[in-house]
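Coordinates from structure-v2.cif are shown below (mmCIF, C-alpha atoms).
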```
data_final
loop_
_atom_site.label_atom_id
_atom_site.label_comp_id
_atom_site.auth_asym_id
_atom_site.auth_seq_id
_atom_site.Cartn_x
_atom_site.Cartn_y
_atom_site.Cartn_z
CA MET A 167 -54.46 -196.08 -41.82
CA LEU A 168 -56.65 -197.16 -44.71
CA PHE A 169 -57.07 -200.72 -45.92
CA LYS A 170 -58.83 -202.26 -48.92
CA ALA A 171 -61.89 -204.51 -48.56
CA ILE A 172 -65.12 -205.59 -50.21
CA LEU A 173 -67.98 -203.80 -48.47
CA LEU A 174 -71.57 -204.96 -48.80
CA GLU A 175 -74.27 -202.39 -48.08
CA LYS A 176 -78.05 -202.70 -48.13
CA ASN A 177 -81.10 -200.61 -47.33
CA GLN A 178 -84.80 -200.97 -48.08
CA THR A 179 -84.35 -200.17 -51.77
CA ALA A 180 -80.80 -201.06 -52.84
CA PHE A 181 -77.90 -203.50 -52.40
CA SER A 182 -74.29 -202.73 -53.30
CA CYS A 183 -71.01 -204.64 -53.40
CA ASN A 184 -67.95 -202.42 -53.84
CA ILE A 185 -64.22 -202.33 -53.18
CA GLN A 186 -63.60 -199.56 -50.65
CA ASN A 187 -60.78 -198.06 -48.62
CA ILE A 188 -61.80 -198.30 -44.98
CA ASN A 189 -60.24 -196.62 -41.97
CA GLU A 190 -58.60 -198.98 -39.48
CA ASP A 191 -60.35 -197.14 -36.63
CA THR A 192 -63.69 -198.23 -38.11
CA LEU A 193 -62.50 -201.84 -38.22
CA MET A 194 -61.42 -201.74 -34.58
CA GLN A 195 -65.01 -200.97 -33.59
CA GLN A 196 -65.75 -204.59 -34.48
CA SER A 197 -65.53 -206.82 -31.39
CA GLY A 198 -62.29 -208.74 -31.10
CA ASP A 199 -58.93 -209.01 -29.39
CA THR A 200 -56.64 -209.86 -32.30
CA LEU A 201 -55.75 -207.82 -35.39
CA ILE A 202 -54.41 -209.82 -38.33
CA LYS A 203 -52.99 -208.93 -41.71
CA VAL A 204 -54.94 -211.15 -44.10
CA GLN A 205 -52.69 -212.94 -46.56
CA TYR A 206 -55.39 -214.98 -48.31
CA SER A 207 -59.07 -215.77 -48.07
CA SER A 208 -61.16 -218.19 -50.12
CA LEU A 209 -64.43 -217.92 -52.00
CA ASN A 210 -67.03 -220.34 -50.64
CA TYR A 211 -70.67 -220.88 -51.58
CA LYS A 212 -71.83 -218.90 -48.56
CA ASP A 213 -69.60 -216.00 -49.61
CA ALA A 214 -71.08 -216.19 -53.11
CA LEU A 215 -74.60 -215.98 -51.68
CA ALA A 216 -73.62 -212.89 -49.68
CA ILE A 217 -71.81 -211.09 -52.50
CA THR A 218 -74.63 -211.68 -54.99
CA ASN A 219 -77.35 -210.97 -52.41
CA SER A 220 -78.83 -214.36 -53.32
CA GLY A 221 -79.58 -215.60 -49.82
CA PRO A 222 -80.10 -214.33 -46.25
CA VAL A 223 -76.46 -214.80 -45.21
CA VAL A 224 -75.62 -211.27 -44.02
CA ARG A 225 -77.44 -210.28 -40.85
CA GLN A 226 -75.72 -206.99 -40.06
CA TRP A 227 -74.97 -204.11 -42.43
CA PRO A 228 -72.60 -202.92 -43.71
CA MET A 229 -70.59 -206.12 -43.96
CA ILE A 230 -67.17 -207.25 -45.16
CA PRO A 231 -67.72 -210.81 -46.45
CA GLY A 232 -65.22 -213.66 -46.24
CA ILE A 233 -65.82 -216.59 -43.88
CA ASP A 234 -62.21 -217.81 -44.28
CA GLY A 235 -58.87 -216.22 -43.70
CA VAL A 236 -55.22 -216.91 -43.07
CA GLY A 237 -52.73 -214.31 -42.01
CA THR A 238 -50.25 -212.92 -39.52
CA VAL A 239 -51.06 -211.55 -36.07
CA ILE A 240 -50.26 -207.82 -35.93
CA ASN A 241 -51.24 -207.41 -32.29
CA THR A 242 -53.28 -209.30 -29.72
CA ILE A 243 -54.17 -209.29 -26.03
CA SER A 244 -54.94 -213.03 -26.11
CA LYS A 245 -52.81 -215.61 -24.34
CA HIS A 246 -53.26 -218.00 -27.28
CA PHE A 247 -51.13 -216.05 -29.77
CA LYS A 248 -48.38 -213.48 -30.12
CA THR A 249 -47.37 -210.96 -32.76
CA GLY A 250 -46.05 -212.72 -35.88
CA ASP A 251 -48.02 -215.96 -35.43
CA LYS A 252 -49.70 -217.44 -38.51
CA VAL A 253 -53.38 -218.21 -37.89
CA ILE A 254 -56.44 -219.61 -39.68
CA LEU A 255 -60.05 -218.46 -39.40
CA ASN A 256 -63.06 -220.54 -40.48
CA GLY A 257 -66.62 -219.41 -39.81
CA TRP A 258 -67.75 -218.13 -36.41
CA GLY A 259 -70.20 -215.74 -38.06
CA CYS A 260 -67.56 -213.82 -40.00
CA GLY A 261 -69.10 -212.44 -43.17
CA GLU A 262 -72.52 -212.80 -41.50
CA THR A 263 -72.57 -210.92 -38.18
CA HIS A 264 -68.90 -209.91 -37.95
CA TRP A 265 -66.63 -208.36 -40.58
CA GLY A 266 -64.77 -211.07 -42.46
CA CYS A 267 -61.61 -211.58 -44.49
CA PHE A 268 -62.24 -210.24 -48.00
CA SER A 269 -60.03 -207.50 -46.68
CA GLU A 270 -56.39 -206.59 -46.07
CA LEU A 271 -57.03 -206.49 -42.30
CA ALA A 272 -59.37 -208.34 -39.94
CA HIS A 273 -60.19 -207.76 -36.25
CA LEU A 274 -61.14 -211.11 -34.74
CA ASN A 275 -61.53 -213.03 -31.51
CA ALA A 276 -58.58 -215.27 -30.74
CA GLU A 277 -60.95 -218.06 -29.68
CA TRP A 278 -62.02 -218.31 -33.33
CA LEU A 279 -58.47 -218.81 -34.55
CA ILE A 280 -56.23 -221.85 -34.75
CA PRO A 281 -52.50 -222.05 -35.55
CA LEU A 282 -51.53 -222.65 -39.16
CA PRO A 283 -50.27 -226.28 -39.29
CA ILE A 284 -46.51 -226.40 -39.83
CA ASP A 285 -46.96 -228.68 -42.86
CA LEU A 286 -49.13 -226.15 -44.72
CA SER A 287 -48.31 -222.80 -46.27
CA ALA A 288 -50.74 -219.90 -45.93
CA LYS A 289 -51.72 -220.30 -49.57
CA GLN A 290 -52.32 -224.04 -49.20
CA ALA A 291 -54.51 -223.39 -46.15
CA MET A 292 -56.87 -221.25 -48.20
CA MET A 293 -56.77 -223.69 -51.11
CA ILE A 294 -58.41 -225.96 -48.54
CA GLY A 295 -60.51 -223.30 -46.80
CA THR A 296 -63.86 -223.91 -45.15
CA ALA A 297 -64.87 -226.14 -48.07
CA GLY A 298 -61.94 -228.50 -47.52
CA TYR A 299 -62.21 -228.30 -43.75
CA THR A 300 -65.91 -229.24 -44.03
CA ALA A 301 -64.97 -232.11 -46.34
CA ALA A 302 -62.53 -233.37 -43.70
CA LEU A 303 -65.26 -233.28 -41.03
CA CYS A 304 -67.52 -235.32 -43.35
CA VAL A 305 -64.83 -237.89 -44.11
CA GLN A 306 -63.92 -238.25 -40.44
CA ARG A 307 -67.60 -238.81 -39.56
CA ILE A 308 -67.94 -241.53 -42.21
CA ILE A 309 -64.84 -243.32 -40.95
CA GLU A 310 -66.00 -243.01 -37.33
CA HIS A 311 -69.25 -244.68 -38.42
CA GLY A 312 -67.21 -247.73 -39.44
CA ILE A 313 -67.61 -247.51 -43.22
CA THR A 314 -64.75 -249.32 -44.98
CA PRO A 315 -63.73 -249.32 -48.66
CA GLU A 316 -64.93 -252.92 -49.02
CA GLN A 317 -68.54 -251.95 -48.30
CA GLY A 318 -69.08 -250.17 -51.61
CA ASP A 319 -68.99 -246.78 -53.30
CA ILE A 320 -69.42 -243.49 -51.47
CA LEU A 321 -71.64 -240.97 -53.26
CA ILE A 322 -70.55 -237.33 -53.34
CA THR A 323 -72.82 -234.57 -54.64
CA GLY A 324 -71.58 -231.20 -55.86
CA ALA A 325 -68.50 -233.14 -56.86
CA THR A 326 -66.77 -230.36 -58.80
CA GLY A 327 -67.21 -227.83 -56.00
CA GLY A 328 -64.86 -227.18 -53.10
CA VAL A 329 -66.33 -229.64 -50.58
CA GLY A 330 -66.78 -232.34 -53.19
CA SER A 331 -63.33 -231.96 -54.72
CA VAL A 332 -61.48 -232.18 -51.40
CA ALA A 333 -63.69 -235.03 -50.15
CA ILE A 334 -62.92 -237.01 -53.31
CA MET A 335 -59.20 -236.42 -52.86
CA LEU A 336 -59.24 -237.52 -49.22
CA LEU A 337 -61.39 -240.60 -49.74
CA SER A 338 -59.48 -241.69 -52.84
CA GLN A 339 -56.20 -241.52 -50.93
CA LEU A 340 -57.77 -243.68 -48.21
CA GLY A 341 -58.73 -246.36 -50.75
CA TYR A 342 -62.46 -245.68 -51.12
CA ASN A 343 -64.27 -245.84 -54.45
CA ILE A 344 -66.26 -242.74 -55.29
CA THR A 345 -69.38 -242.17 -57.36
CA ALA A 346 -69.62 -238.49 -58.23
CA ALA A 347 -72.99 -236.84 -58.78
CA THR A 348 -72.48 -233.94 -61.16
CA SER A 349 -74.46 -231.78 -63.56
CA LYS A 350 -71.37 -231.69 -65.79
CA ILE A 351 -71.80 -235.33 -66.83
CA SER A 352 -70.48 -234.68 -70.35
CA ASN A 353 -67.18 -233.36 -69.02
CA THR A 354 -65.75 -235.67 -66.38
CA GLU A 355 -62.03 -235.19 -67.04
CA TYR A 356 -61.66 -232.93 -63.99
CA LEU A 357 -63.21 -235.53 -61.67
CA GLN A 358 -61.24 -238.37 -63.19
CA LYS A 359 -58.06 -236.48 -62.36
CA LEU A 360 -59.18 -236.41 -58.73
CA GLY A 361 -59.70 -240.18 -58.74
CA VAL A 362 -63.39 -240.68 -59.60
CA LYS A 363 -64.29 -243.71 -61.72
CA HIS A 364 -68.09 -243.69 -61.58
CA PHE A 365 -70.51 -240.87 -62.34
CA ILE A 366 -74.22 -240.14 -62.20
CA ASP A 367 -76.14 -237.11 -63.41
CA SER A 368 -77.19 -235.06 -60.39
CA LYS A 369 -80.47 -234.31 -62.16
CA ASN A 370 -81.46 -237.91 -61.42
CA LEU A 371 -81.57 -237.03 -57.73
CA ALA A 372 -83.34 -233.69 -57.98
CA ALA A 373 -87.00 -234.74 -58.26
CA ALA A 374 -89.31 -236.40 -55.74
CA GLY A 375 -88.65 -240.14 -55.41
CA LYS A 376 -89.88 -243.21 -53.54
CA PRO A 377 -89.37 -243.40 -49.76
CA LEU A 378 -87.16 -246.49 -50.22
CA GLN A 379 -85.14 -247.18 -53.35
CA LYS A 380 -82.49 -249.64 -54.47
CA GLU A 381 -79.58 -249.77 -52.02
CA GLN A 382 -76.57 -248.38 -53.85
CA TRP A 383 -74.12 -246.49 -51.62
CA SER A 384 -72.33 -247.34 -48.39
CA ALA A 385 -72.23 -243.65 -47.46
CA ALA A 386 -72.70 -240.21 -48.97
CA ILE A 387 -71.56 -236.61 -48.62
CA ASP A 388 -74.30 -234.20 -49.69
CA VAL A 389 -74.14 -230.45 -50.31
CA LEU A 390 -77.53 -230.14 -52.03
CA GLY A 391 -80.31 -230.84 -49.54
CA SER A 392 -83.99 -230.93 -50.63
CA HIS A 393 -85.15 -233.82 -52.86
CA SER A 394 -81.56 -234.83 -53.60
CA LEU A 395 -80.82 -235.51 -49.95
CA ALA A 396 -84.12 -237.38 -49.54
CA ASN A 397 -83.34 -239.62 -52.53
CA ILE A 398 -79.81 -240.27 -51.31
CA CYS A 399 -81.11 -241.40 -47.91
CA ALA A 400 -83.52 -243.72 -49.73
CA GLN A 401 -80.60 -245.27 -51.67
CA ILE A 402 -78.12 -245.84 -48.84
CA GLN A 403 -77.27 -249.40 -47.91
CA TYR A 404 -78.40 -250.89 -44.62
CA GLY A 405 -76.50 -249.33 -41.72
CA GLY A 406 -74.92 -246.64 -43.89
CA ILE A 407 -74.50 -242.95 -43.25
CA VAL A 408 -75.21 -239.67 -45.05
CA THR A 409 -73.33 -236.54 -44.03
CA ALA A 410 -75.28 -233.38 -44.87
CA CYS A 411 -73.37 -230.10 -45.10
CA GLY A 412 -75.10 -227.93 -47.70
CA LEU A 413 -78.34 -226.64 -49.18
CA ALA A 414 -77.49 -225.74 -52.78
CA GLN A 415 -80.79 -227.24 -54.01
CA GLY A 416 -82.82 -226.12 -51.02
CA MET A 417 -83.22 -226.07 -47.25
CA ASP A 418 -86.26 -228.36 -47.31
CA PHE A 419 -86.02 -232.10 -46.67
CA PRO A 420 -89.07 -233.83 -48.21
CA ALA A 421 -88.35 -237.33 -46.89
CA THR A 422 -89.89 -240.07 -44.77
CA VAL A 423 -88.54 -241.95 -41.76
CA ALA A 424 -88.40 -245.19 -43.80
CA PRO A 425 -84.62 -245.26 -44.47
CA PHE A 426 -83.88 -244.59 -40.82
CA ILE A 427 -86.21 -247.10 -39.17
CA LEU A 428 -86.16 -249.85 -41.83
CA ARG A 429 -82.52 -249.73 -42.93
CA GLY A 430 -80.84 -248.16 -39.92
CA VAL A 431 -79.49 -245.29 -42.01
CA THR A 432 -77.84 -242.42 -40.12
CA LEU A 433 -78.22 -238.80 -41.26
CA ALA A 434 -75.39 -236.78 -39.73
CA GLY A 435 -75.39 -233.00 -39.89
CA ILE A 436 -71.94 -231.47 -40.33
CA ASP A 437 -71.45 -227.99 -38.92
CA SER A 438 -68.19 -226.22 -39.73
CA VAL A 439 -69.16 -222.78 -38.44
CA MET A 440 -69.28 -223.34 -34.68
CA ALA A 441 -67.24 -226.55 -34.32
CA SER A 442 -65.05 -226.67 -31.23
CA ARG A 443 -61.44 -225.55 -31.28
CA ALA A 444 -60.27 -229.12 -30.63
CA LYS A 445 -62.33 -230.48 -33.53
CA ARG A 446 -61.01 -227.76 -35.83
CA ILE A 447 -57.39 -228.40 -34.95
CA ALA A 448 -57.87 -232.16 -35.42
CA ALA A 449 -59.51 -231.63 -38.84
CA TRP A 450 -56.74 -229.32 -40.03
CA GLU A 451 -54.01 -231.68 -38.84
CA TYR A 452 -55.84 -234.46 -40.69
CA LEU A 453 -55.83 -232.37 -43.87
CA ALA A 454 -52.17 -231.41 -43.50
CA LYS A 455 -51.25 -235.08 -43.14
CA LEU A 456 -53.38 -236.62 -45.89
CA LEU A 457 -54.21 -234.12 -48.58
CA ASN A 458 -52.27 -234.11 -51.85
CA THR A 459 -51.47 -230.40 -51.99
CA ARG A 460 -49.82 -230.69 -55.41
CA LEU A 461 -53.09 -231.94 -56.86
CA LEU A 462 -54.95 -229.27 -54.90
CA GLU A 463 -52.81 -226.59 -56.53
CA GLN A 464 -53.89 -227.88 -59.95
CA ILE A 465 -57.56 -227.26 -59.17
CA THR A 466 -57.10 -223.84 -57.51
CA GLN A 467 -57.10 -220.34 -58.98
CA THR A 468 -56.03 -217.12 -57.27
CA ILE A 469 -58.26 -214.09 -57.77
CA SER A 470 -58.37 -210.47 -56.59
CA LEU A 471 -61.08 -208.73 -54.60
CA ASN A 472 -62.23 -207.12 -57.85
CA GLU A 473 -62.82 -210.54 -59.43
CA CYS A 474 -64.91 -211.91 -56.56
CA PRO A 475 -68.35 -210.63 -57.67
CA GLN A 476 -68.15 -212.24 -61.13
CA ILE A 477 -66.78 -215.55 -59.84
CA ALA A 478 -69.46 -215.52 -57.13
CA LYS A 479 -72.19 -215.24 -59.80
CA GLU A 480 -70.68 -218.15 -61.71
CA MET A 481 -70.49 -220.20 -58.50
CA ILE A 482 -74.18 -219.61 -57.75
CA ASN A 483 -75.02 -220.65 -61.32
CA GLY A 484 -72.99 -223.87 -61.03
CA GLN A 485 -70.50 -222.75 -63.68
CA ILE A 486 -67.23 -223.24 -61.81
CA LYS A 487 -65.15 -226.13 -60.54
CA GLY A 488 -62.37 -226.44 -58.01
CA ARG A 489 -61.21 -223.82 -55.54
CA TYR A 490 -60.76 -220.05 -55.69
CA ILE A 491 -58.50 -218.26 -53.24
CA VAL A 492 -58.62 -214.51 -52.76
CA ASP A 493 -55.46 -212.39 -52.45
CA PRO A 494 -56.53 -208.99 -51.05
CA SER A 495 -53.18 -207.43 -52.02
CA LEU A 496 -53.84 -207.86 -55.77
#
```
As a first step, turn the structure in this file into structure tokens.
Amino acid sequence: MLFKAILLEKNQTAFSCNIQNINEDTLMQQSGDTLIKVQYSSLNYKDALAITNSGPVVRQWPMIPGIDGVGTVINTISKHFKTGDKVILNGWGCGETHWGCFSELAHLNAEWLIPLPIDLSAKQAMMIGTAGYTAALCVQRIIEHGITPEQGDILITGATGGVGSVAIMLLSQLGYNITAATSKISNTEYLQKLGVKHFIDSKNLAAAGKPLQKEQWSAAIDVLGSHSLANICAQIQYGGIVTACGLAQGMDFPATVAPFILRGVTLAGIDSVMASRAKRIAAWEYLAKLLNTRLLEQITQTISLNECPQIAKEMINGQIKGRYIVDPSL
């Protein structure tokens, strides 16, 4: 049996990204105990890096990208699931060291999968995807830290992207005021629809700044890293928290210890790739309970495998907003 997938290939002289028909026997050589029919995937920043060969994401070649997936179990030897179950995949090295879900079929380990929440459709799950799931982990960490709406605005960088958009939706529904950092400062209608009232130009965070700056935010969710993350830490109020979950500006962190030892600021790293099964299930139940899926649908577009390379380029260049889900059957 043949199935359709995006296949990334690379040697010492060339890189290629093509739609190919792959034999199921070849897929089954990938480690795993559960075969699923992929209904949807989603295009995340890490996927965009892989598809455009813009960063060292892929560590084994050839590779089917796609860190997210939702679909139906075709067969399994795992005790966790049975044929016909609807399951979600997020991370676990898929699209990096293991073939992912930009594909009609995926061969995965059941330990990586969680049940699709009964309150979400398969399509809604991928509207959320790893970006939304990461946003939920960030929001939960801020709330666990004790930050309340009365303490002031929460700053969110990359506000028009997947993590930022879902984080804004969640926090707004919980009564928090949001300041969105965006490079699209002249066009804020999209963010206003999500509930944002205050905006700053993300360029104001991008250059080197003072170790301590005016206290402005009770907490922050950052997807940029580098100087932006350093400046955000320098601007957090006493006892506040910054959740770091991305490196769109860079992996470096040119900061000092001043915010941490003089203002008691906490810098919390958020990992969505290897989070425990219990933490994943809790985050997805949180999303199913709180997230306004009707609003989410308004900021989501469905694309085919063929459209992924172009949208990935636009994502890397900061030219998109909202969420993109991938339907491998198109």
Select, from A:Asn177, A:Thr300, A:Thr218, A:Ser244, the residue with the minimum atom-to-atom distance to A:Glu277, counting all atoms listed in the file.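 Distance minimum relative to A:Glu277 lands on A:Ser244.
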Tell me which residues come within 12 Å of (-63.7, -212.5, -58.9), as JSON, numbers by chain, counting all atoms listed in the file in the file's coordinates. {"A": [172, 185, 208, 209, 210, 213, 214, 217, 218, 268, 467, 468, 469, 470, 471, 472, 473, 474, 475, 476, 477, 478, 479, 480, 481, 486, 490, 491, 492, 493, 494, 496]}
Selection export as a PDB file, keeping the file's coordinate frame, atoms kept: C-alpha atoms:
```pdb
ATOM      1  CA  ILE A 172     -65.120-205.590 -50.210  1.00  0.00           C
ATOM      2  CA  ILE A 185     -64.220-202.330 -53.180  1.00  0.00           C
ATOM      3  CA  SER A 208     -61.160-218.190 -50.120  1.00  0.00           C
ATOM      4  CA  LEU A 209     -64.430-217.920 -52.000  1.00  0.00           C
ATOM      5  CA  ASN A 210     -67.030-220.340 -50.640  1.00  0.00           C
ATOM      6  CA  ASP A 213     -69.600-216.000 -49.610  1.00  0.00           C
ATOM      7  CA  ALA A 214     -71.080-216.190 -53.110  1.00  0.00           C
ATOM      8  CA  ILE A 217     -71.810-211.090 -52.500  1.00  0.00           C
ATOM      9  CA  THR A 218     -74.630-211.680 -54.990  1.00  0.00           C
ATOM     10  CA  PHE A 268     -62.240-210.240 -48.000  1.00  0.00           C
ATOM     11  CA  GLN A 467     -57.100-220.340 -58.980  1.00  0.00           C
ATOM     12  CA  THR A 468     -56.030-217.120 -57.270  1.00  0.00           C
ATOM     13  CA  ILE A 469     -58.260-214.090 -57.770  1.00  0.00           C
ATOM     14  CA  SER A 470     -58.370-210.470 -56.590  1.00  0.00           C
ATOM     15  CA  LEU A 471     -61.080-208.730 -54.600  1.00  0.00           C
ATOM     16  CA  ASN A 472     -62.230-207.120 -57.850  1.00  0.00           C
ATOM     17  CA  GLU A 473     -62.820-210.540 -59.430  1.00  0.00           C
ATOM     18  CA  CYS A 474     -64.910-211.910 -56.560  1.00  0.00           C
ATOM     19  CA  PRO A 475     -68.350-210.630 -57.670  1.00  0.00           C
ATOM     20  CA  GLN A 476     -68.150-212.240 -61.130  1.00  0.00           C
ATOM     21  CA  ILE A 477     -66.780-215.550 -59.840  1.00  0.00           C
ATOM     22  CA  ALA A 478     -69.460-215.520 -57.130  1.00  0.00           C
ATOM     23  CA  LYS A 479     -72.190-215.240 -59.800  1.00  0.00           C
ATOM     24  CA  GLU A 480     -70.680-218.150 -61.710  1.00  0.00           C
ATOM     25  CA  MET A 481     -70.490-220.200 -58.500  1.00  0.00           C
ATOM     26  CA  ILE A 486     -67.230-223.240 -61.810  1.00  0.00           C
ATOM     27  CA  TYR A 490     -60.760-220.050 -55.690  1.00  0.00           C
ATOM     28  CA  ILE A 491     -58.500-218.260 -53.240  1.00  0.00           C
ATOM     29  CA  VAL A 492     -58.620-214.510 -52.760  1.00  0.00           C
ATOM     30  CA  ASP A 493     -55.460-212.390 -52.450  1.00  0.00           C
ATOM     31  CA  PRO A 494     -56.530-208.990 -51.050  1.00  0.00           C
ATOM     32  CA  LEU A 496     -53.840-207.860 -55.770  1.00  0.00           C
TER      33      LEU A 496
END
```
Provide the atom CA of A:Ala400 to atom CA of A:Trp383 distance in Å, to one decimal place. 10.0 Å
Go through stretch 283-385 of chain A and flag each residue having an atom no more than 7 Å from stretch 403-423 of chain A; for those, report the closest pair of atoms plus their distance in Å to one decimal, using all atoms listed in the file, ordered by chain and rising number, as JSON lines.
```
{"residue": "A:Cys304", "atom": "CA", "partner": "A:Thr409", "partner_atom": "CA", "distance": 6.0}
{"residue": "A:Ile308", "atom": "CA", "partner": "A:Ile407", "partner_atom": "CA", "distance": 6.8}
{"residue": "A:Pro377", "atom": "CA", "partner": "A:Thr422", "partner_atom": "CA", "distance": 6.0}
{"residue": "A:Glu381", "atom": "CA", "partner": "A:Gln403", "partner_atom": "CA", "distance": 4.7}
{"residue": "A:Gln382", "atom": "CA", "partner": "A:Gln403", "partner_atom": "CA", "distance": 6.1}
{"residue": "A:Trp383", "atom": "CA", "partner": "A:Gln403", "partner_atom": "CA", "distance": 5.7}
{"residue": "A:Ser384", "atom": "CA", "partner": "A:Gly406", "partner_atom": "CA", "distance": 5.2}
{"residue": "A:Ala385", "atom": "CA", "partner": "A:Ile407", "partner_atom": "CA", "distance": 4.8}
```
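Distance annotation: of A:Leu357, A:Ser269, A:Gln379, A:Ala386, the residue with the minimal separation from A:Gln401 is A:Gln379; atom set is all atoms listed in the file.
Atom CA of A:Pro281 is positioned 7.6 Å from atom CA of A:Asp251.
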d(atom CA of A:Glu175, atom CA of A:Thr296) in Å: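 Separation of atom CA of A:Glu175 and atom CA of A:Thr296: 24.1 Å.
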Which of these, A:Val431, A:Ile294, A:Ile344, A:Ile482, has the shortest distance to A:Leu461 once you count all atoms listed in the file? A:Ile294
Top pick for closest residue to A:Gly391, considering A:Cys260, A:Leu255, A:Met194, A:Ala372 and counting all atoms listed in the file: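 Answer, going by the shortest atom-to-atom distance: A:Ala372.
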The PyMOL selection byres ((chain A and resi 267) around 8) - which residues does that actually catch in the file I just gave you? List them as a JSON list (two decimals) with C-alpha atoms, in the frame of the given file.
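Wrote selection.json, looks like this:
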```
[["chain", "number", "residue", "atom", "x", "y", "z"],
["A", 204, "VAL", "CA", -54.94, -211.15, -44.10],
["A", 207, "SER", "CA", -59.07, -215.77, -48.07],
["A", 230, "ILE", "CA", -67.17, -207.25, -45.16],
["A", 231, "PRO", "CA", -67.72, -210.81, -46.45],
["A", 232, "GLY", "CA", -65.22, -213.66, -46.24],
["A", 233, "ILE", "CA", -65.82, -216.59, -43.88],
["A", 234, "ASP", "CA", -62.21, -217.81, -44.28],
["A", 235, "GLY", "CA", -58.87, -216.22, -43.70],
["A", 260, "CYS", "CA", -67.56, -213.82, -40.00],
["A", 261, "GLY", "CA", -69.10, -212.44, -43.17],
["A", 265, "TRP", "CA", -66.63, -208.36, -40.58],
["A", 266, "GLY", "CA", -64.77, -211.07, -42.46],
["A", 268, "PHE", "CA", -62.24, -210.24, -48.00],
["A", 269, "SER", "CA", -60.03, -207.50, -46.68],
["A", 270, "GLU", "CA", -56.39, -206.59, -46.07],
["A", 271, "LEU", "CA", -57.03, -206.49, -42.30],
["A", 272, "ALA", "CA", -59.37, -208.34, -39.94]]
```
Give as number ranges by chain the residues that the PyMOL selection byres ((chain A and resi 438-454) around 7) matches when applied to the coordinates above. A: 256-258, 280, 283, 285-286, 299-300, 302-303, 436-437, 455-457
Identify which of the residues A:Thr466, A:Thr326, A:Ser182, A:Thr345 lies closest to A:Arg489, counting all atoms listed in the file when measuring atom-to-atom distances.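 Nearest candidate to A:Arg489 out of A:Thr466, A:Thr326, A:Ser182, A:Thr345: A:Thr466.
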A:Thr263 environment, 12 Å, all atoms listed in the file, sequence neighbours closer than 6 positions dropped, as a list in words: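 Final neighbour list, sorted by chain and number: Gln196, Ser197, Ala216, Pro222, Val223, Val224, Arg225, Gln226, Trp227, Pro228, Met229, Ile230, Pro231, Gly232, Ile233, Gly257 and Leu274 of chain A.
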Point out the residue among A:Gln195, A:Gln290, A:Ser220, A:Gln339 with the least atom-to-atom distance to A:His264, counting all atoms listed in the file.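 Residue with the minimum atom-to-atom distance to A:His264: A:Gln195.
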Excluding same-chain residues fewer than 5 positions from A:Thr242, what lies within 9 Å of it counting all atoms listed in the file, as number ranges by chain? A: 199-202, 247-249, 276
Any chance you could work out the residue set of the PyMOL selection byres ((chain A and resi 329) around 8) here, as a count of residues only? 13
Kindly extract all protein, DNA and RNA residues lying within 12 Å of the coordinates (-72.5, -235.4, -60.5) given in the file, considering all atoms listed in the file, and supply them as a count of residues only. 41
So for stretch 465-476 of chain A, what box centre and size do we get, axis-aligned, 4 Å extra on each of the six sides, every listed atom, Å to one decimal, as JSON?
```
{"center_x": -62.2, "center_y": -217.2, "center_z": -57.9, "size_x": 20.3, "size_y": 28.1, "size_z": 14.5}
```
Should you be able to, write stretch 368-378 of chain A of this structure into a file that contains N, CA and C atoms, as a compact mmCIF listing (two decimals), in the first residue's frame.
```txt
# COMPACT_ATOMS: atom_id res chain seq x y z
N SER A 368 7.47 45.04 18.74
CA SER A 368 8.46 44.06 19.19
C SER A 368 9.89 44.49 18.89
N LYS A 369 10.06 45.42 17.95
CA LYS A 369 11.40 45.94 17.66
C LYS A 369 12.00 46.64 18.87
N ASN A 370 11.14 47.15 19.76
CA ASN A 370 11.63 47.85 20.94
C ASN A 370 12.30 46.90 21.94
N LEU A 371 12.09 45.61 21.75
CA LEU A 371 12.69 44.62 22.65
C LEU A 371 13.93 43.96 22.05
N ALA A 372 14.18 44.19 20.77
CA ALA A 372 15.12 43.36 20.03
C ALA A 372 16.59 43.71 20.22
N ALA A 373 16.90 44.90 20.71
CA ALA A 373 18.29 45.32 20.86
C ALA A 373 18.74 45.20 22.32
N ALA A 374 20.05 45.25 22.52
CA ALA A 374 20.59 45.16 23.88
C ALA A 374 20.05 46.28 24.75
N GLY A 375 19.70 45.96 25.99
CA GLY A 375 19.14 46.95 26.91
C GLY A 375 19.82 46.90 28.27
N LYS A 376 19.36 47.73 29.19
CA LYS A 376 19.94 47.78 30.53
C LYS A 376 19.58 46.52 31.32
N PRO A 377 20.44 46.15 32.27
CA PRO A 377 20.18 44.94 33.07
C PRO A 377 18.86 45.01 33.85
N LEU A 378 18.53 46.21 34.35
CA LEU A 378 17.25 46.45 35.02
C LEU A 378 16.58 47.64 34.37
```
